[in-house]
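Peer 1: Have a look at the structure that comes next, please.
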Amino acid sequence: MRKFISVEGGEGAGKSTLIRFLRKRLEEKGLEVVTTREPGGSFLGEEIRELLLHVRRDEPVVAKAELFLFLAARAQHVETLIRPSLEAGKVVITDRFSDSTLAYQSTARGLTLGEVRHLCELVEDHITPSLTFFLDVDPKIGVRRARKRSLKAEVGYDRLEEESLQFHERVRDGFLKQLENSPERIFRIDTAKPIPEVQERAGEILDQWLAKS
């Protein structure tokens with residue numbers, strides 16, 4: 001089984017912190033780990049990321065344009081980084097993958113779920129995570145965390161951080177629906193709990209997954 005892990009969740013869920021923990025734990029077991037993010041993971045992906053998150057505010061990005069930009073970044077990501085790394089026997093951990101597209105662009109933006117899922121499958125081309133951590137956080141708390149982080153970094157809110165609370169609540173609903181549909185792959189962790197508890201639970205899930213792989 002290819003060792004491909006995704007970490008999902010809404011804004012401010014704590015994905016970066018958990019990814020650092022997972023990488024350290026895997027490396028301590030002697031595994032070679034590649035960490036990456038979406039959109040990103042390639043020059044083209046990072047350019048698209050900047051375009052998506054910091055596009056001019058006087059020309060809103062329509063939902064379908066947003067979807068196809070995310071998918072373009074993923075296509076490049078899969079073929080230039082994820083697939084080669086997996087084929088080389090490395091563990092790949094990505095901050096977001098197709099579950100985010102289904103939650104944000106389908107459930108939250110209102111695009112048809114079946115069509116979005118089909119496009120995701122086309123772009124993935126059989127490269128899908130075998131383990132997904134869904135970091136669940138109350139959208140009020142998560143968005144507040146994300147905005148505080150952006151202010152501290154003096155970069156201003158990105159386009160998604162500026163979305164309404166109702167939008168972020170729909171995103172969470174989207175992740176919960178996917179959890180219900182794929183309980184064998186997706187594991188929910190409540191990130192309102194202290195970080196040591198979150199990491200302990202994630203470590204248990206990771207060890208069980210490794211034992212099966």
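Going by the structure tokens order, chains are called A, B, ..., each with residues numbered from 1, while ligands are numbered from 1 in the order shown.
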Using DSSP secondary structure from the backbone, list all helix (DSSP H, G or I) positions within stretch 6-75 of chain A, as number ranges by chain.
Peer 2: A: 15-28, 43-53, 63-75
Peer 1: Would you write out, as a tab-separated table, a table of all residues in stretch 134-183 of chain A that have an atom no more than 8 Å from an atom of stretch 107-115 of chain A, listing for each the closest atom pair and the distance in Å to one decimal, considering only C-alpha atoms and ordering rows by chain and rising residue number?
Peer 2:
```
residue	atom	partner	partner_atom	distance
A:Phe167	CA	A:Ala108	CA	5.8
A:His168	CA	A:Ala108	CA	7.5
A:Arg170	CA	A:Ala108	CA	4.9
A:Val171	CA	A:Ala108	CA	5.3
A:Asp173	CA	A:Thr107	CA	7.5
A:Gly174	CA	A:Thr107	CA	5.3
```
Peer 1: Can you list, as an MDAnalysis selection string, all residues belonging to stretch 66-175 of chain A that DSSP tags as strand (DSSP E)?
Peer 2: chainID A and resid 91:95 131:136
Peer 1: Could you please take those selected residues and save C-alpha atoms as a PDB file, in the first residue's frame?
Peer 2:
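Generated output (selection.pdb):
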```
ATOM      1  CA  VAL A  91       5.691   8.635   2.848  1.00  0.00           C
ATOM      2  CA  VAL A  92       3.841  11.687   1.532  1.00  0.00           C
ATOM      3  CA  ILE A  93       1.862  13.935   3.874  1.00  0.00           C
ATOM      4  CA  THR A  94      -0.174  16.660   2.218  1.00  0.00           C
ATOM      5  CA  ASP A  95      -1.893  19.609   3.826  1.00  0.00           C
ATOM      6  CA  LEU A 131      -5.239   7.743   5.567  1.00  0.00           C
ATOM      7  CA  THR A 132      -6.869  11.103   6.242  1.00  0.00           C
ATOM      8  CA  PHE A 133      -6.893  13.091   9.456  1.00  0.00           C
ATOM      9  CA  PHE A 134      -9.893  15.416   9.687  1.00  0.00           C
ATOM     10  CA  LEU A 135      -9.075  18.073  12.268  1.00  0.00           C
ATOM     11  CA  ASP A 136     -12.438  19.275  13.489  1.00  0.00           C
TER      12      ASP A 136
END
```
Peer 1: I'd like to know which of A:Ala72, A:Leu67, A:Ala192, A:Ala88 is closest to A:Ser106, using only C-alpha atoms.
Peer 2: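 The shortest atom-to-atom distance to A:Ser106 comes from A:Leu67.
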Peer 1: Do you know which residues are at most 10 Å from A:Thr36 counting only C-alpha atoms, after dropping those on the same chain fewer than 3 positions away, and could you put them as a list in words?
Peer 2: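 Final neighbour list, sorted by chain and number: Ser6, Ile19, Val33, Pro39, Gly40, Gly41, Ser42, His77, Leu81, Ile82, Val92, Ile93, Thr94, Asp95 and Arg96 of chain A.
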Peer 1: If I take atom CA of A:Arg185 and atom CA of A:Ser130, how far is one from the other in Å, to one decimal?
Peer 2: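 Between these atoms lies a distance of 6.1 Å.
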Peer 1: Can you tell me, as a PyMOL selection string, what residues are no more than 8 Å from A:Arg159 when counting only C-alpha atoms, ignoring any on the same chain fewer than 3 positions away?
Peer 2: chain A and resi 52-55+162-163
